[in-house]
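query-v2.pdb follows (PDB, C-alpha atoms and all ligand atoms):
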```pdb
ATOM      1  CA  MET V   1      65.283 -31.291   4.691
ATOM      2  CA  ASP V   2      64.058 -27.709   4.167
ATOM      3  CA  LEU V   3      60.317 -28.305   3.717
ATOM      4  CA  LYS V   4      59.554 -24.579   3.713
ATOM      5  CA  SER V   5      61.556 -24.078   0.521
ATOM      6  CA  LEU V   6      59.155 -26.487  -1.243
ATOM      7  CA  ILE V   7      55.990 -24.633  -0.141
ATOM      8  CA  ARG V   8      54.877 -21.991  -2.638
ATOM      9  CA  ASP V   9      53.313 -18.632  -1.682
ATOM     10  CA  ILE V  10      50.478 -17.372  -3.873
ATOM     11  CA  PRO V  11      49.411 -13.794  -3.051
ATOM     12  CA  ASP V  12      45.728 -12.809  -3.223
ATOM     13  CA  PHE V  13      44.311 -16.329  -3.509
ATOM     14  CA  PRO V  14      41.463 -17.235  -3.193
ATOM     15  CA  LYS V  15      40.692 -13.559  -2.548
ATOM     16  CA  PRO V  16      42.596 -10.281  -2.212
ATOM     17  CA  GLY V  17      44.722 -10.020   0.930
ATOM     18  CA  ILE V  18      45.140 -13.786   1.495
ATOM     19  CA  LEU V  19      48.637 -15.230   1.129
ATOM     20  CA  PHE V  20      47.925 -18.829   0.126
ATOM     21  CA  ARG V  21      50.483 -21.409   1.291
ATOM     22  CA  ASP V  22      50.429 -23.919  -1.547
ATOM     23  CA  ILE V  23      51.613 -27.431  -0.617
ATOM     24  CA  THR V  24      51.171 -28.919  -4.117
ATOM     25  CA  THR V  25      54.825 -28.058  -4.810
ATOM     26  CA  LEU V  26      55.836 -29.964  -1.660
ATOM     27  CA  LEU V  27      53.659 -32.961  -2.569
ATOM     28  CA  ARG V  28      55.030 -33.205  -6.115
ATOM     29  CA  ASP V  29      58.598 -33.470  -4.845
ATOM     30  CA  PRO V  30      59.300 -37.155  -4.093
ATOM     31  CA  GLU V  31      61.806 -36.418  -1.323
ATOM     32  CA  GLY V  32      59.625 -33.613   0.060
ATOM     33  CA  LEU V  33      56.572 -35.843   0.251
ATOM     34  CA  ARG V  34      58.438 -38.682   1.916
ATOM     35  CA  SER V  35      60.257 -36.392   4.376
ATOM     36  CA  SER V  36      57.034 -34.608   5.353
ATOM     37  CA  ILE V  37      55.162 -37.784   6.196
ATOM     38  CA  ASP V  38      58.162 -39.437   7.885
ATOM     39  CA  LEU V  39      58.833 -36.338  10.009
ATOM     40  CA  PHE V  40      55.142 -36.024  10.858
ATOM     41  CA  ALA V  41      54.969 -39.652  12.015
ATOM     42  CA  GLN V  42      58.209 -39.268  13.992
ATOM     43  CA  LYS V  43      56.894 -36.185  15.801
ATOM     44  CA  VAL V  44      53.630 -37.946  16.668
ATOM     45  CA  LYS V  45      55.591 -40.863  18.122
ATOM     46  CA  ASP V  46      58.065 -38.584  19.951
ATOM     47  CA  ALA V  47      55.118 -36.775  21.568
ATOM     48  CA  GLY V  48      53.973 -40.135  22.919
ATOM     49  CA  LEU V  49      50.608 -39.982  21.156
ATOM     50  CA  ARG V  50      48.887 -43.326  20.850
ATOM     51  CA  THR V  51      46.880 -42.903  17.676
ATOM     52  CA  GLU V  52      44.258 -45.493  16.769
ATOM     53  CA  TYR V  53      42.626 -43.311  14.110
ATOM     54  CA  VAL V  54      43.734 -40.359  12.035
ATOM     55  CA  VAL V  55      40.770 -38.107  11.251
ATOM     56  CA  GLY V  56      41.552 -36.108   8.090
ATOM     57  CA  ILE V  57      39.666 -32.951   7.107
ATOM     58  CA  GLU V  58      38.513 -32.539   3.473
ATOM     59  CA  SER V  59      40.331 -32.195   1.284
ATOM     60  CA  ARG V  60      44.012 -31.540   1.865
ATOM     61  CA  GLY V  61      43.734 -33.294   5.221
ATOM     62  CA  PHE V  62      43.095 -36.486   3.227
ATOM     63  CA  ILE V  63      46.323 -36.140   1.240
ATOM     64  CA  VAL V  64      48.374 -35.775   4.404
ATOM     65  CA  GLY V  65      46.287 -37.869   6.792
ATOM     66  CA  ALA V  66      46.051 -41.135   4.851
ATOM     67  CA  PRO V  67      49.807 -41.744   4.416
ATOM     68  CA  LEU V  68      50.350 -40.600   8.003
ATOM     69  CA  ALA V  69      47.798 -43.150   9.260
ATOM     70  CA  TYR V  70      49.521 -45.848   7.191
ATOM     71  CA  GLN V  71      52.878 -44.902   8.688
ATOM     72  CA  LEU V  72      51.479 -44.915  12.245
ATOM     73  CA  GLY V  73      49.667 -48.210  11.801
ATOM     74  CA  ALA V  74      46.378 -46.385  12.423
ATOM     75  CA  GLY V  75      43.060 -46.297  10.568
ATOM     76  CA  PHE V  76      41.984 -43.295   8.503
ATOM     77  CA  ILE V  77      38.610 -41.551   8.788
ATOM     78  CA  PRO V  78      37.469 -38.734   6.482
ATOM     79  CA  VAL V  79      35.592 -35.667   7.743
ATOM     80  CA  ARG V  80      33.753 -34.289   4.727
ATOM     81  CA  LYS V  81      31.723 -31.385   3.429
ATOM     82  CA  PRO V  82      27.919 -31.944   3.615
ATOM     83  CA  GLY V  83      26.256 -34.526   1.398
ATOM     84  CA  LYS V  84      29.391 -36.495   0.462
ATOM     85  CA  LEU V  85      29.328 -39.371   2.958
ATOM     86  CA  PRO V  86      26.905 -42.187   2.023
ATOM     87  CA  ALA V  87      25.905 -43.608   5.439
ATOM     88  CA  ALA V  88      24.310 -41.883   8.473
ATOM     89  CA  VAL V  89      26.344 -38.887   9.684
ATOM     90  CA  HIS V  90      26.934 -36.565  12.612
ATOM     91  CA  SER V  91      27.118 -32.929  11.443
ATOM     92  CA  ILE V  92      28.571 -29.762  12.895
ATOM     93  CA  GLU V  93      28.032 -26.207  11.752
ATOM     94  CA  TYR V  94      30.690 -23.611  12.443
ATOM     95  CA  ALA V  95      31.125 -19.901  11.841
ATOM     96  CA  LEU V  96      33.245 -18.476   9.034
ATOM     97  CA  GLU V  97      34.218 -14.836   8.504
ATOM     98  CA  TYR V  98      31.037 -14.537   6.424
ATOM     99  CA  GLY V  99      28.296 -17.115   7.060
ATOM    100  CA  THR V 100      28.681 -20.693   8.232
ATOM    101  CA  ASP V 101      30.107 -23.980   7.018
ATOM    102  CA  CYS V 102      29.389 -27.593   7.912
ATOM    103  CA  LEU V 103      31.410 -30.787   8.345
ATOM    104  CA  GLU V 104      30.240 -34.399   8.620
ATOM    105  CA  ILE V 105      31.538 -37.736   9.879
ATOM    106  CA  HIS V 106      30.010 -41.205   9.605
ATOM    107  CA  GLN V 107      28.149 -42.070  12.799
ATOM    108  CA  ASP V 108      29.714 -45.527  12.899
ATOM    109  CA  ALA V 109      33.272 -44.388  12.008
ATOM    110  CA  LEU V 110      34.415 -44.043  15.619
ATOM    111  CA  HIS V 111      33.459 -45.520  18.978
ATOM    112  CA  PRO V 112      33.519 -43.806  22.391
ATOM    113  CA  GLY V 113      37.032 -43.940  23.833
ATOM    114  CA  ALA V 114      38.771 -44.285  20.450
ATOM    115  CA  ARG V 115      42.141 -42.484  20.378
ATOM    116  CA  VAL V 116      42.048 -39.880  17.631
ATOM    117  CA  LEU V 117      44.567 -37.581  15.922
ATOM    118  CA  ILE V 118      42.954 -34.785  13.872
ATOM    119  CA  VAL V 119      44.969 -33.815  10.781
ATOM    120  CA  ASP V 120      44.819 -31.015   8.204
ATOM    121  CA  ASP V 121      47.390 -29.409   5.926
ATOM    122  CA  LEU V 122      47.269 -26.038   7.681
ATOM    123  CA  ILE V 123      45.885 -24.265  10.743
ATOM    124  CA  ALA V 124      44.914 -20.629  10.267
ATOM    125  CA  THR V 125      42.186 -19.302  12.605
ATOM    126  CA  GLY V 126      41.579 -22.799  13.981
ATOM    127  CA  GLY V 127      37.856 -22.797  13.158
ATOM    128  CA  THR V 128      37.973 -25.932  11.006
ATOM    129  CA  ALA V 129      40.035 -27.952  13.478
ATOM    130  CA  THR V 130      37.891 -26.794  16.421
ATOM    131  CA  ALA V 131      34.699 -27.892  14.664
ATOM    132  CA  THR V 132      36.253 -31.271  13.877
ATOM    133  CA  ALA V 133      37.310 -31.652  17.503
ATOM    134  CA  ARG V 134      33.714 -31.033  18.623
ATOM    135  CA  LEU V 135      32.489 -33.649  16.180
ATOM    136  CA  VAL V 136      34.914 -36.238  17.507
ATOM    137  CA  GLN V 137      34.295 -35.337  21.134
ATOM    138  CA  LYS V 138      30.525 -35.573  20.597
ATOM    139  CA  ILE V 139      31.112 -39.265  19.887
ATOM    140  CA  GLY V 140      33.085 -39.537  23.135
ATOM    141  CA  CYS V 141      36.496 -40.140  21.584
ATOM    142  CA  LYS V 142      39.798 -39.438  23.321
ATOM    143  CA  LEU V 143      41.433 -36.554  21.453
ATOM    144  CA  GLU V 144      45.134 -37.503  21.416
ATOM    145  CA  GLY V 145      46.334 -34.560  19.348
ATOM    146  CA  PHE V 146      46.184 -32.276  16.334
ATOM    147  CA  GLY V 147      48.629 -32.366  13.441
ATOM    148  CA  PHE V 148      49.286 -29.789  10.711
ATOM    149  CA  ILE V 149      52.004 -29.442   8.101
ATOM    150  CA  ILE V 150      51.757 -25.637   8.415
ATOM    151  CA  GLU V 151      50.834 -23.292  11.260
ATOM    152  CA  LEU V 152      50.106 -19.610  10.581
ATOM    153  CA  ARG V 153      51.130 -18.348  14.017
ATOM    154  CA  ASP V 154      49.877 -14.769  13.624
ATOM    155  CA  LEU V 155      46.292 -16.002  13.439
ATOM    156  CA  GLN V 156      46.639 -17.751  16.824
ATOM    157  CA  GLY V 157      44.453 -20.672  15.809
ATOM    158  CA  ARG V 158      45.947 -22.864  18.540
ATOM    159  CA  LYS V 159      44.305 -20.618  21.171
ATOM    160  CA  HIS V 160      40.905 -21.910  20.060
ATOM    161  CA  LEU V 161      41.800 -25.599  20.242
ATOM    162  CA  PRO V 162      40.999 -27.527  23.408
ATOM    163  CA  GLU V 163      43.615 -26.947  26.112
ATOM    164  CA  ASP V 164      45.976 -29.777  27.056
ATOM    165  CA  VAL V 165      45.729 -31.466  23.660
ATOM    166  CA  PRO V 166      49.168 -31.639  21.968
ATOM    167  CA  ILE V 167      49.600 -29.852  18.621
ATOM    168  CA  ILE V 168      52.152 -31.184  16.126
ATOM    169  CA  THR V 169      53.336 -28.840  13.341
ATOM    170  CA  LEU V 170      56.128 -29.157  10.764
ATOM    171  CA  VAL V 171      56.485 -25.620   9.353
ATOM    172  CA  GLU V 172      55.565 -22.275  10.919
ATOM    173  CA  TYR V 173      55.031 -18.826   9.421
TER
HETATM  174  P1  LIG Z 201      41.051 -22.211   9.640
HETATM  175  O1  LIG Z 201      39.737 -22.886   9.888
HETATM  176  O2  LIG Z 201      40.979 -20.718   9.600
HETATM  177  O3  LIG Z 201      42.132 -22.698  10.593
HETATM  178  O4  LIG Z 201      41.487 -22.597   8.166
HETATM  179  C1  LIG Z 201      42.056 -23.830   7.911
HETATM  180  C2  LIG Z 201      41.625 -24.371   6.579
HETATM  181  O5  LIG Z 201      41.638 -23.384   5.547
HETATM  182  C3  LIG Z 201      42.574 -25.465   6.161
HETATM  183  O6  LIG Z 201      41.828 -26.522   5.610
HETATM  184  C4  LIG Z 201      43.475 -24.801   5.139
HETATM  185  O7  LIG Z 201      43.734 -25.686   4.090
HETATM  186  C5  LIG Z 201      42.715 -23.577   4.649
HETATM  187  N1  LIG Z 201      43.529 -22.344   4.679
HETATM  188  C6  LIG Z 201      43.301 -21.264   5.474
HETATM  189  N2  LIG Z 201      44.196 -20.285   5.260
HETATM  190  C7  LIG Z 201      45.041 -20.750   4.303
HETATM  191  C8  LIG Z 201      46.222 -20.202   3.646
HETATM  192  N3  LIG Z 201      46.711 -18.986   3.941
HETATM  193  N4  LIG Z 201      46.847 -20.981   2.733
HETATM  194  C9  LIG Z 201      46.361 -22.207   2.439
HETATM  195  N5  LIG Z 201      45.284 -22.760   3.012
HETATM  196  C10 LIG Z 201      44.613 -22.053   3.941
END
```
Rewrite the coordinates I just gave you, this time as structure tokens.
Amino acid sequence: MDLKSLIRDIPDFPKPGILFRDITTLLRDPEGLRSSIDLFAQKVKDAGLRTEYVVGIESRGFIVGAPLAYQLGAGFIPVRKPGKLPAAVHSIEYALEYGTDCLEIHQDALHPGARVLIVDDLIATGGTATATARLVQKIGCKLEGFGFIIELRDLQGRKHLPEDVPIITLVEY
């Protein structure tokens, strides 16, 4: 199935010069949604990744990560923006183009040695995924892989991710 044809391009969103890759048109298509998750799960299995937990990044990483975890027989763990998680958290600050951002995970969500797949809808510069990887590695987890529906290759985000960790992608631009 041609997943790319279901992804919509919105120029100049959220600010001038950004070409936003909108997956809502993929998600609303019943066959597109099913094919995306099935293909994602198949690629994770083909890569030999043994995933105990899918860690999804707020918020589009939740939409993709939860059904993927279900399909893989794994648990799902949300990484959220500050102040959203109710129990004790680990936090990580990371640099944006202008200023900084922060992500949090429940301290008791993962145990050292847990096998983790980090998932988001899209990798651009890789800053978000790198910060999430640090969060997970701080707990002492085994990073099995990263998974994204979309990779924006020009931005070379994969260069910033830890070496030797497999990266699964479905659609590239
Ligand atoms: P980055 O940290 O630069 O890899 O950015 C990844 C995060 O920003 C993901 O959560 C994406 O959903 C979002 N994002 C960045 N660039 C785009 C884009 N061109 N279209 C849609 N989402 C984007």
Non-local contacts of V:Tyr70 (12 Å; all atoms listed in the file; under 2 positions in same chain excluded) as a list of chain:residue names: V:Ile37, V:Asp38, V:Phe40, V:Ala41, V:Thr51, V:Glu52, V:Tyr53, V:Val54, V:Ile63, V:Val64, V:Gly65, V:Ala66, V:Pro67, V:Leu68, V:Leu72, V:Gly73, V:Ala74, V:Gly75, V:Phe76, V:Ile77
Counting only C-alpha atoms and all ligand atoms, name the residues that have an atom within 9 Å of an atom of ligand LIG 201 (chain Z); the answer should be given as a PyMOL selection string. chain V and resi 9-10+13-14+18-23+57-61+96+120-131+150-152+155+157-158
Please enumerate the residues selected by the PyMOL selection byres (((chain V and resi 33) around 12) and not hetatm) when evaluated against the supplied file, formatted as an MDAnalysis selection string. chainID V and resid 1:3 6:7 23:32 34:40 63:64 67:68 149
Just the selected residues (C-alpha atoms), exported as a PDB file, in the coordinates of the input, please.
```pdb
ATOM      1  CA  MET V   1      65.283 -31.291   4.691  1.00  0.00           C
ATOM      2  CA  ASP V   2      64.058 -27.709   4.167  1.00  0.00           C
ATOM      3  CA  LEU V   3      60.317 -28.305   3.717  1.00  0.00           C
ATOM      4  CA  LEU V   6      59.155 -26.487  -1.243  1.00  0.00           C
ATOM      5  CA  ILE V   7      55.990 -24.633  -0.141  1.00  0.00           C
ATOM      6  CA  ILE V  23      51.613 -27.431  -0.617  1.00  0.00           C
ATOM      7  CA  THR V  24      51.171 -28.919  -4.117  1.00  0.00           C
ATOM      8  CA  THR V  25      54.825 -28.058  -4.810  1.00  0.00           C
ATOM      9  CA  LEU V  26      55.836 -29.964  -1.660  1.00  0.00           C
ATOM     10  CA  LEU V  27      53.659 -32.961  -2.569  1.00  0.00           C
ATOM     11  CA  ARG V  28      55.030 -33.205  -6.115  1.00  0.00           C
ATOM     12  CA  ASP V  29      58.598 -33.470  -4.845  1.00  0.00           C
ATOM     13  CA  PRO V  30      59.300 -37.155  -4.093  1.00  0.00           C
ATOM     14  CA  GLU V  31      61.806 -36.418  -1.323  1.00  0.00           C
ATOM     15  CA  GLY V  32      59.625 -33.613   0.060  1.00  0.00           C
ATOM     16  CA  ARG V  34      58.438 -38.682   1.916  1.00  0.00           C
ATOM     17  CA  SER V  35      60.257 -36.392   4.376  1.00  0.00           C
ATOM     18  CA  SER V  36      57.034 -34.608   5.353  1.00  0.00           C
ATOM     19  CA  ILE V  37      55.162 -37.784   6.196  1.00  0.00           C
ATOM     20  CA  ASP V  38      58.162 -39.437   7.885  1.00  0.00           C
ATOM     21  CA  LEU V  39      58.833 -36.338  10.009  1.00  0.00           C
ATOM     22  CA  PHE V  40      55.142 -36.024  10.858  1.00  0.00           C
ATOM     23  CA  ILE V  63      46.323 -36.140   1.240  1.00  0.00           C
ATOM     24  CA  VAL V  64      48.374 -35.775   4.404  1.00  0.00           C
ATOM     25  CA  PRO V  67      49.807 -41.744   4.416  1.00  0.00           C
ATOM     26  CA  LEU V  68      50.350 -40.600   8.003  1.00  0.00           C
ATOM     27  CA  ILE V 149      52.004 -29.442   8.101  1.00  0.00           C
TER      28      ILE V 149
END
```
Applied to the shown file, which residues does the PyMOL selection byres (((chain V and resi 114) around 7) and not hetatm) return, written as an MDAnalysis selection string? chainID V and resid 52 110:113 115:116 141:142
Between atom CA of V:Gly145 and atom CA of V:Pro166 lies a distance of 4.8 Å
Restricting the calculation to all atoms listed in the file: of V:Lys84, V:His106, V:Lys159, V:Arg153, which residue gets closest to V:Ile139? V:His106
Leaving out V:Leu85 and any residue of its chain fewer than 6 positions from it, which residues lie within 10 Å of it when counting only C-alpha atoms, given as number ranges by chain? V: 78-79, 104-106
Just to confirm, what's the straight-line distance from atom CA of V:Lys45 to atom CA of V:Phe146 in Å (one decimal)? 12.9 Å
So what do you get for atom CA of V:Leu161 versus atom CA of V:Ser5, distance-wise? 28.0 Å
Mind rebuilding stretch 65-99 of chain V with N, CA and C atoms and writing that out as a PDB file, in the frame of the given file?
```pdb
ATOM      1  N   GLY V  65      46.725 -36.970   5.720  1.00  0.00           N
ATOM      2  CA  GLY V  65      46.287 -37.869   6.792  1.00  0.00           C
ATOM      3  C   GLY V  65      46.376 -39.352   6.449  1.00  0.00           C
ATOM      4  N   ALA V  66      46.071 -39.705   5.193  1.00  0.00           N
ATOM      5  CA  ALA V  66      46.051 -41.135   4.851  1.00  0.00           C
ATOM      6  C   ALA V  66      47.446 -41.769   4.907  1.00  0.00           C
ATOM      7  N   PRO V  67      48.470 -41.154   4.284  1.00  0.00           N
ATOM      8  CA  PRO V  67      49.807 -41.744   4.416  1.00  0.00           C
ATOM      9  C   PRO V  67      50.334 -41.695   5.852  1.00  0.00           C
ATOM     10  N   LEU V  68      49.929 -40.679   6.599  1.00  0.00           N
ATOM     11  CA  LEU V  68      50.350 -40.600   8.003  1.00  0.00           C
ATOM     12  C   LEU V  68      49.749 -41.766   8.800  1.00  0.00           C
ATOM     13  N   ALA V  69      48.455 -42.031   8.574  1.00  0.00           N
ATOM     14  CA  ALA V  69      47.798 -43.150   9.260  1.00  0.00           C
ATOM     15  C   ALA V  69      48.496 -44.464   8.913  1.00  0.00           C
ATOM     16  N   TYR V  70      48.817 -44.637   7.648  1.00  0.00           N
ATOM     17  CA  TYR V  70      49.521 -45.848   7.191  1.00  0.00           C
ATOM     18  C   TYR V  70      50.837 -46.008   7.949  1.00  0.00           C
ATOM     19  N   GLN V  71      51.567 -44.896   8.026  1.00  0.00           N
ATOM     20  CA  GLN V  71      52.878 -44.902   8.688  1.00  0.00           C
ATOM     21  C   GLN V  71      52.756 -45.196  10.183  1.00  0.00           C
ATOM     22  N   LEU V  72      51.675 -44.732  10.797  1.00  0.00           N
ATOM     23  CA  LEU V  72      51.479 -44.915  12.245  1.00  0.00           C
ATOM     24  C   LEU V  72      50.828 -46.255  12.576  1.00  0.00           C
ATOM     25  N   GLY V  73      50.400 -46.969  11.555  1.00  0.00           N
ATOM     26  CA  GLY V  73      49.667 -48.210  11.801  1.00  0.00           C
ATOM     27  C   GLY V  73      48.278 -47.930  12.342  1.00  0.00           C
ATOM     28  N   ALA V  74      47.708 -46.786  11.959  1.00  0.00           N
ATOM     29  CA  ALA V  74      46.378 -46.385  12.423  1.00  0.00           C
ATOM     30  C   ALA V  74      45.380 -46.490  11.272  1.00  0.00           C
ATOM     31  N   GLY V  75      44.085 -46.371  11.597  1.00  0.00           N
ATOM     32  CA  GLY V  75      43.060 -46.297  10.568  1.00  0.00           C
ATOM     33  C   GLY V  75      42.873 -44.849  10.139  1.00  0.00           C
ATOM     34  N   PHE V  76      42.241 -44.654   8.984  1.00  0.00           N
ATOM     35  CA  PHE V  76      41.984 -43.295   8.503  1.00  0.00           C
ATOM     36  C   PHE V  76      40.488 -43.055   8.374  1.00  0.00           C
ATOM     37  N   ILE V  77      40.029 -41.909   8.851  1.00  0.00           N
ATOM     38  CA  ILE V  77      38.610 -41.551   8.788  1.00  0.00           C
ATOM     39  C   ILE V  77      38.464 -40.160   8.173  1.00  0.00           C
ATOM     40  N   PRO V  78      37.664 -40.041   7.103  1.00  0.00           N
ATOM     41  CA  PRO V  78      37.469 -38.734   6.482  1.00  0.00           C
ATOM     42  C   PRO V  78      36.360 -37.928   7.152  1.00  0.00           C
ATOM     43  N   VAL V  79      36.631 -36.634   7.377  1.00  0.00           N
ATOM     44  CA  VAL V  79      35.592 -35.667   7.743  1.00  0.00           C
ATOM     45  C   VAL V  79      35.332 -34.856   6.487  1.00  0.00           C
ATOM     46  N   ARG V  80      34.051 -34.828   6.050  1.00  0.00           N
ATOM     47  CA  ARG V  80      33.753 -34.289   4.727  1.00  0.00           C
ATOM     48  C   ARG V  80      32.757 -33.133   4.754  1.00  0.00           C
ATOM     49  N   LYS V  81      32.730 -32.430   3.632  1.00  0.00           N
ATOM     50  CA  LYS V  81      31.723 -31.385   3.429  1.00  0.00           C
ATOM     51  C   LYS V  81      30.350 -32.061   3.324  1.00  0.00           C
ATOM     52  N   PRO V  82      29.255 -31.333   3.553  1.00  0.00           N
ATOM     53  CA  PRO V  82      27.919 -31.944   3.615  1.00  0.00           C
ATOM     54  C   PRO V  82      27.529 -32.678   2.327  1.00  0.00           C
ATOM     55  N   GLY V  83      26.836 -33.808   2.522  1.00  0.00           N
ATOM     56  CA  GLY V  83      26.256 -34.526   1.398  1.00  0.00           C
ATOM     57  C   GLY V  83      27.194 -35.469   0.667  1.00  0.00           C
ATOM     58  N   LYS V  84      28.412 -35.649   1.161  1.00  0.00           N
ATOM     59  CA  LYS V  84      29.391 -36.495   0.462  1.00  0.00           C
ATOM     60  C   LYS V  84      29.452 -37.907   1.034  1.00  0.00           C
ATOM     61  N   LEU V  85      29.195 -38.048   2.330  1.00  0.00           N
ATOM     62  CA  LEU V  85      29.328 -39.371   2.958  1.00  0.00           C
ATOM     63  C   LEU V  85      28.021 -40.146   2.779  1.00  0.00           C
ATOM     64  N   PRO V  86      28.102 -41.441   2.405  1.00  0.00           N
ATOM     65  CA  PRO V  86      26.905 -42.187   2.023  1.00  0.00           C
ATOM     66  C   PRO V  86      26.064 -42.731   3.180  1.00  0.00           C
ATOM     67  N   ALA V  87      26.669 -43.028   4.323  1.00  0.00           N
ATOM     68  CA  ALA V  87      25.905 -43.608   5.439  1.00  0.00           C
ATOM     69  C   ALA V  87      25.468 -42.498   6.407  1.00  0.00           C
ATOM     70  N   ALA V  88      24.806 -42.881   7.503  1.00  0.00           N
ATOM     71  CA  ALA V  88      24.310 -41.883   8.473  1.00  0.00           C
ATOM     72  C   ALA V  88      25.468 -41.081   9.058  1.00  0.00           C
ATOM     73  N   VAL V  89      25.252 -39.765   9.239  1.00  0.00           N
ATOM     74  CA  VAL V  89      26.344 -38.887   9.684  1.00  0.00           C
ATOM     75  C   VAL V  89      25.981 -38.091  10.937  1.00  0.00           C
ATOM     76  N   HIS V  90      27.028 -37.675  11.665  1.00  0.00           N
ATOM     77  CA  HIS V  90      26.934 -36.565  12.612  1.00  0.00           C
ATOM     78  C   HIS V  90      27.409 -35.325  11.863  1.00  0.00           C
ATOM     79  N   SER V  91      26.734 -34.175  12.111  1.00  0.00           N
ATOM     80  CA  SER V  91      27.118 -32.929  11.443  1.00  0.00           C
ATOM     81  C   SER V  91      27.467 -31.867  12.475  1.00  0.00           C
ATOM     82  N   ILE V  92      28.323 -30.942  12.061  1.00  0.00           N
ATOM     83  CA  ILE V  92      28.571 -29.762  12.895  1.00  0.00           C
ATOM     84  C   ILE V  92      28.662 -28.524  12.013  1.00  0.00           C
ATOM     85  N   GLU V  93      27.953 -27.497  12.436  1.00  0.00           N
ATOM     86  CA  GLU V  93      28.032 -26.207  11.752  1.00  0.00           C
ATOM     87  C   GLU V  93      29.001 -25.325  12.501  1.00  0.00           C
ATOM     88  N   TYR V  94      29.775 -24.535  11.764  1.00  0.00           N
ATOM     89  CA  TYR V  94      30.690 -23.611  12.443  1.00  0.00           C
ATOM     90  C   TYR V  94      30.761 -22.297  11.678  1.00  0.00           C
ATOM     91  N   ALA V  95      31.148 -21.249  12.404  1.00  0.00           N
ATOM     92  CA  ALA V  95      31.125 -19.901  11.841  1.00  0.00           C
ATOM     93  C   ALA V  95      32.356 -19.630  10.999  1.00  0.00           C
ATOM     94  N   LEU V  96      32.155 -19.004   9.854  1.00  0.00           N
ATOM     95  CA  LEU V  96      33.245 -18.476   9.034  1.00  0.00           C
ATOM     96  C   LEU V  96      33.234 -16.957   9.167  1.00  0.00           C
ATOM     97  N   GLU V  97      34.186 -16.300   8.479  1.00  0.00           N
ATOM     98  CA  GLU V  97      34.218 -14.836   8.504  1.00  0.00           C
ATOM     99  C   GLU V  97      32.859 -14.302   8.032  1.00  0.00           C
ATOM    100  N   TYR V  98      32.376 -14.887   6.917  1.00  0.00           N
ATOM    101  CA  TYR V  98      31.037 -14.537   6.424  1.00  0.00           C
ATOM    102  C   TYR V  98      30.233 -15.820   6.344  1.00  0.00           C
ATOM    103  N   GLY V  99      29.167 -15.948   7.145  1.00  0.00           N
ATOM    104  CA  GLY V  99      28.296 -17.115   7.060  1.00  0.00           C
ATOM    105  C   GLY V  99      28.792 -18.303   7.874  1.00  0.00           C
TER     106      GLY V  99
END
```
